[in-house]
Amino acid sequence: MGDRRDRGRDQDRDEDGRDETENDAAASRPQGEAPRSVLREVDEAARLTARMLLRPAREASLAVLRPSDGWPAVSKTLVATDFAGCPVIFVSQLSLHARALDHDRRCSLLAARPGKGDPLAHPRISIFANAEPVERGTQAAARIRARFLARHPKAELYVDFPDFRFFRLKPEGAALNGGFGKAFELSPADFVEAEDDELEAAGIRARDHMNADHLDAVDAIAARAGAKTGGWRIATVDRRGFEIANGDQMRRVEFDSDPAGDGGYRKAFVELVSAGRT
């Protein structure tokens with residue numbers, strides 16, 4: 001009987017080793033047509049999801065290639081983003097991932113939004129990037145240092161140690177999974193903005209003004225974003241929105257209008273506060 005069962009299973013497979021169900025699926029497609037992609041067309045909702053995952057992330061999983069043998073190695077790292085939206089990491093030269101990035105600049109960064117239930121039902125994004133070391137003493141380094149400390153104030157204890165340095169991860173693309181059946185392949189233009197030094201400086205001034213004189217408005221904005229308590233401050237600002245922080249909590253808020261247009265950041269913040277009051 002065992003031989004008959006084995007022969008029966010063999011009859012269910014063709015010379016290519018495919019099951020009959022696979023053959024039926026292939027036969028149902030027009031000749032020469034490739035299998036249908038599971039990827040969705042990138043839209044504004046996907047771009048927003050990407051920003052809402054990456055921009056407020058305080059930690060992420062970093063994948064590098066181990067210098068000794070090329071094996072993939074993954075570690076947890078603190079993360080921020082620069083004004084344009086490129087991820088920024090701060091690492092010790094004693095770490096494996098720092099040595100790996102000196103050997104091979106290619107890396108991946110995984111940022112995810114945790115939640116209850118099945119972990120795979122929640123959004124996550126993998127950034128494929130080349131790591132660029134940030135030279136100390138430059139204006140770019142000063143801006144990145146300030147943005148990083150605004151998210152990780154405890155890092156001020158070691159941010160100026162000589163064996164630590166920043167890497168800017170320049171994206172080459174990204175894989176976004178917004179949950180089951182919501183897969184997208186993103187280009188850098190889908191989640192990285194153009195650099196704009198003047199707009200960045202204006203954003204810093206707007207942040208400092210809001211934190212100094214309008215913390216009640218910041219709390220109102222936080223409440224609109226779902227926060228249950230007060231005591232929030234604005235940590236980092238970009239062209240699309242900003243991050244608010246309260247201890248270890250961080251949330252992303254998007255502007256309703258472009259601060260690069262008429263009215264600038266003042267108009268953008270006033271609109272959010274007015275929307276919360278109504």
# chains A, B, ... in the order shown; residues from 1 in each chain; ligands from 1
call {"tool": "residues_around", "arguments": {"residues": "Thr81 in chain A", "least_positions_apart": "4", "cutoff": "9 Å", "atoms": "only C-alpha atoms", "output": "ChimeraX atom specification"}}
result
/A:54-57,85-89,144,147-148,168,236
call {"tool": "write_last_selection", "arguments": {"atoms": "all heavy atoms", "output": "JSON list (two decimals), in the first residue's frame"}}
result
[["chain", "number", "residue", "atom", "x", "y", "z"],
["A", 54, "LEU", "N", 8.87, 56.17, 9.96],
["A", 54, "LEU", "CA", 10.29, 56.50, 10.05],
["A", 54, "LEU", "C", 10.56, 57.76, 10.84],
["A", 54, "LEU", "O", 11.48, 57.80, 11.68],
["A", 54, "LEU", "CB", 10.86, 56.64, 8.64],
["A", 54, "LEU", "CG", 12.36, 56.89, 8.54],
["A", 54, "LEU", "CD1", 13.14, 55.75, 9.19],
["A", 54, "LEU", "CD2", 12.77, 57.05, 7.08],
["A", 55, "ARG", "N", 9.79, 58.81, 10.62],
["A", 55, "ARG", "CA", 10.08, 60.11, 11.24],
["A", 55, "ARG", "C", 10.06, 60.07, 12.77],
["A", 55, "ARG", "O", 10.95, 60.62, 13.41],
["A", 55, "ARG", "CB", 9.10, 61.15, 10.72],
["A", 55, "ARG", "CG", 9.36, 61.63, 9.30],
["A", 55, "ARG", "CD", 10.59, 62.49, 9.23],
["A", 55, "ARG", "NE", 10.69, 63.24, 7.97],
["A", 55, "ARG", "CZ", 11.61, 64.16, 7.73],
["A", 55, "ARG", "NH1", 12.51, 64.47, 8.65],
["A", 55, "ARG", "NH2", 11.64, 64.79, 6.58],
["A", 56, "PRO", "N", 9.06, 59.44, 13.42],
["A", 56, "PRO", "CA", 9.05, 59.47, 14.88],
["A", 56, "PRO", "C", 9.83, 58.33, 15.54],
["A", 56, "PRO", "O", 9.85, 58.23, 16.77],
["A", 56, "PRO", "CB", 7.55, 59.34, 15.20],
["A", 56, "PRO", "CG", 7.01, 58.52, 14.08],
["A", 56, "PRO", "CD", 7.80, 58.88, 12.87],
["A", 57, "ALA", "N", 10.48, 57.48, 14.76],
["A", 57, "ALA", "CA", 11.18, 56.33, 15.34],
["A", 57, "ALA", "C", 12.34, 56.80, 16.21],
["A", 57, "ALA", "O", 13.12, 57.66, 15.81],
["A", 57, "ALA", "CB", 11.69, 55.42, 14.23],
["A", 85, "GLY", "N", 14.76, 63.80, 5.88],
["A", 85, "GLY", "CA", 14.10, 62.53, 6.15],
["A", 85, "GLY", "C", 15.00, 61.32, 6.08],
["A", 85, "GLY", "O", 14.54, 60.18, 6.21],
["A", 86, "CYS", "N", 16.31, 61.53, 5.88],
["A", 86, "CYS", "CA", 17.25, 60.41, 5.88],
["A", 86, "CYS", "C", 17.49, 59.94, 7.32],
["A", 86, "CYS", "O", 17.70, 60.77, 8.21],
["A", 86, "CYS", "CB", 18.58, 60.82, 5.26],
["A", 86, "CYS", "SG", 18.49, 61.20, 3.50],
["A", 87, "PRO", "N", 17.48, 58.65, 7.56],
["A", 87, "PRO", "CA", 17.78, 58.16, 8.91],
["A", 87, "PRO", "C", 19.21, 58.51, 9.32],
["A", 87, "PRO", "O", 20.12, 58.54, 8.49],
["A", 87, "PRO", "CB", 17.60, 56.64, 8.79],
["A", 87, "PRO", "CG", 16.77, 56.44, 7.57],
["A", 87, "PRO", "CD", 17.14, 57.55, 6.64],
["A", 88, "VAL", "N", 19.38, 58.78, 10.60],
["A", 88, "VAL", "CA", 20.69, 59.09, 11.17],
["A", 88, "VAL", "C", 20.91, 58.18, 12.37],
["A", 88, "VAL", "O", 20.02, 58.02, 13.21],
["A", 88, "VAL", "CB", 20.76, 60.56, 11.62],
["A", 88, "VAL", "CG1", 22.07, 60.84, 12.34],
["A", 88, "VAL", "CG2", 20.60, 61.49, 10.42],
["A", 89, "ILE", "N", 22.08, 57.54, 12.42],
["A", 89, "ILE", "CA", 22.43, 56.70, 13.56],
["A", 89, "ILE", "C", 23.70, 57.23, 14.20],
["A", 89, "ILE", "O", 24.50, 57.92, 13.55],
["A", 89, "ILE", "CB", 22.61, 55.22, 13.16],
["A", 89, "ILE", "CG1", 23.71, 55.07, 12.11],
["A", 89, "ILE", "CG2", 21.30, 54.65, 12.63],
["A", 89, "ILE", "CD1", 24.05, 53.63, 11.77],
["A", 144, "ILE", "N", 22.66, 67.80, 12.68],
["A", 144, "ILE", "CA", 22.30, 66.41, 12.98],
["A", 144, "ILE", "C", 22.44, 66.14, 14.48],
["A", 144, "ILE", "O", 21.59, 65.47, 15.09],
["A", 144, "ILE", "CB", 23.17, 65.45, 12.15],
["A", 144, "ILE", "CG1", 22.68, 65.46, 10.70],
["A", 144, "ILE", "CG2", 23.14, 64.05, 12.72],
["A", 144, "ILE", "CD1", 23.54, 64.66, 9.76],
["A", 147, "ARG", "N", 19.40, 67.63, 16.25],
["A", 147, "ARG", "CA", 18.17, 66.85, 16.02],
["A", 147, "ARG", "C", 18.22, 65.54, 16.80],
["A", 147, "ARG", "O", 17.21, 65.10, 17.36],
["A", 147, "ARG", "CB", 17.98, 66.57, 14.53],
["A", 147, "ARG", "CG", 17.58, 67.79, 13.71],
["A", 147, "ARG", "CD", 17.35, 67.43, 12.26],
["A", 147, "ARG", "NE", 16.16, 66.61, 12.07],
["A", 147, "ARG", "CZ", 14.94, 67.10, 11.86],
["A", 147, "ARG", "NH1", 14.73, 68.41, 11.82],
["A", 147, "ARG", "NH2", 13.92, 66.27, 11.68],
["A", 148, "PHE", "N", 19.38, 64.91, 16.85],
["A", 148, "PHE", "CA", 19.51, 63.64, 17.57],
["A", 148, "PHE", "C", 19.28, 63.84, 19.06],
["A", 148, "PHE", "O", 18.54, 63.07, 19.69],
["A", 148, "PHE", "CB", 20.90, 63.05, 17.30],
["A", 148, "PHE", "CG", 21.05, 61.64, 17.79],
["A", 148, "PHE", "CD1", 20.68, 60.57, 16.98],
["A", 148, "PHE", "CD2", 21.56, 61.37, 19.04],
["A", 148, "PHE", "CE1", 20.82, 59.26, 17.42],
["A", 148, "PHE", "CE2", 21.70, 60.06, 19.50],
["A", 148, "PHE", "CZ", 21.34, 59.00, 18.68],
["A", 168, "ARG", "N", 24.87, 59.07, 8.33],
["A", 168, "ARG", "CA", 23.62, 59.41, 7.64],
["A", 168, "ARG", "C", 23.35, 58.29, 6.64],
["A", 168, "ARG", "O", 24.18, 57.97, 5.80],
["A", 168, "ARG", "CB", 23.77, 60.75, 6.92],
["A", 168, "ARG", "CG", 22.56, 61.22, 6.14],
["A", 168, "ARG", "CD", 22.85, 62.62, 5.59],
["A", 168, "ARG", "NE", 21.74, 63.17, 4.84],
["A", 168, "ARG", "CZ", 21.68, 63.16, 3.51],
["A", 168, "ARG", "NH1", 22.67, 62.62, 2.80],
["A", 168, "ARG", "NH2", 20.65, 63.68, 2.89],
["A", 236, "THR", "N", 11.50, 67.85, 16.93],
["A", 236, "THR", "CA", 12.12, 68.10, 15.63],
["A", 236, "THR", "C", 11.04, 68.48, 14.62],
["A", 236, "THR", "O", 9.91, 68.00, 14.68],
["A", 236, "THR", "CB", 12.88, 66.86, 15.13],
["A", 236, "THR", "OG1", 12.08, 65.68, 15.30],
["A", 236, "THR", "CG2", 14.18, 66.69, 15.88]]
call {"tool": "residues_around", "arguments": {"residues": "Gly230 in chain A", "least_positions_apart": "5", "cutoff": "8 Å", "atoms": "only C-alpha atoms", "output": "CSV table (one decimal) with C-alpha atoms, in the first residue's frame"}}
result
chain,number,residue,atom,x,y,z
A,219,ASP,CA,-0.6,70.1,24.4
A,222,ALA,CA,-0.9,66.5,21.2
A,223,ALA,CA,-4.5,65.9,22.4
call {"tool": "closest_residue", "arguments": {"among": "A:Glu172, A:Asp238, A:Val74, A:Ser108", "to": "Leu199 in chain A", "atoms": "only C-alpha atoms"}}
result
A:Asp238
call {"tool": "closest_residue", "arguments": {"among": "A:Ala112, A:Val273, A:Ala141, A:Ala174", "to": "His214 in chain A", "atoms": "only C-alpha atoms"}}
result
A:Val273
call {"tool": "residues_around", "arguments": {"residues": "Ala201 in chain A", "least_positions_apart": "4", "cutoff": "10 Å", "atoms": "only C-alpha atoms", "output": "list in words"}}
result
Phe83, Arg143, Asp196, Asp197, Arg205, Ala206, Arg207, Val237 and Asp238 of chain A
call {"tool": "select_by_dssp", "arguments": {"residues": "range 63-172 of chain A", "states": "strand (DSSP E or B)", "output": "VMD selection string"}}
result
chain A and resid 63 to 65 72 to 81 87 to 92 106 to 112 124 to 133 164 to 172
call {"tool": "residues_around", "arguments": {"residues": "Asp102 in chain A", "least_positions_apart": "3", "cutoff": "9 Å", "atoms": "only C-alpha atoms", "output": "MDAnalysis selection string"}}
result
chainID A and resid 67 97:99 105 131 133
call {"tool": "closest_residue", "arguments": {"among": "A:Lys182, A:Lys116, A:Arg106, A:His152", "to": "Ser37 in chain A", "atoms": "only C-alpha atoms"}}
result
A:Lys182
call {"tool": "select_by_dssp", "arguments": {"residues": "range 40-261 of chain A", "states": "helix (DSSP H, G or I)", "output": "VMD selection string"}}
result
chain A and resid 44 to 54 96 to 103 119 to 121 139 to 151 153 to 157 188 to 190 197 to 213 215 to 224
call {"tool": "residues_around", "arguments": {"residues": "Ile221 in chain A", "least_positions_apart": "4", "cutoff": "12 Å", "atoms": "only C-alpha atoms", "output": "ChimeraX atom specification"}}
result
/A:210,214-217,225-234,241-245,251-255,268-278
call {"tool": "closest_residue", "arguments": {"among": "A:Glu41, A:Glu193, A:Asp69, A:Asp163", "to": "Arg136 in chain A", "atoms": "only C-alpha atoms"}}
result
A:Asp163
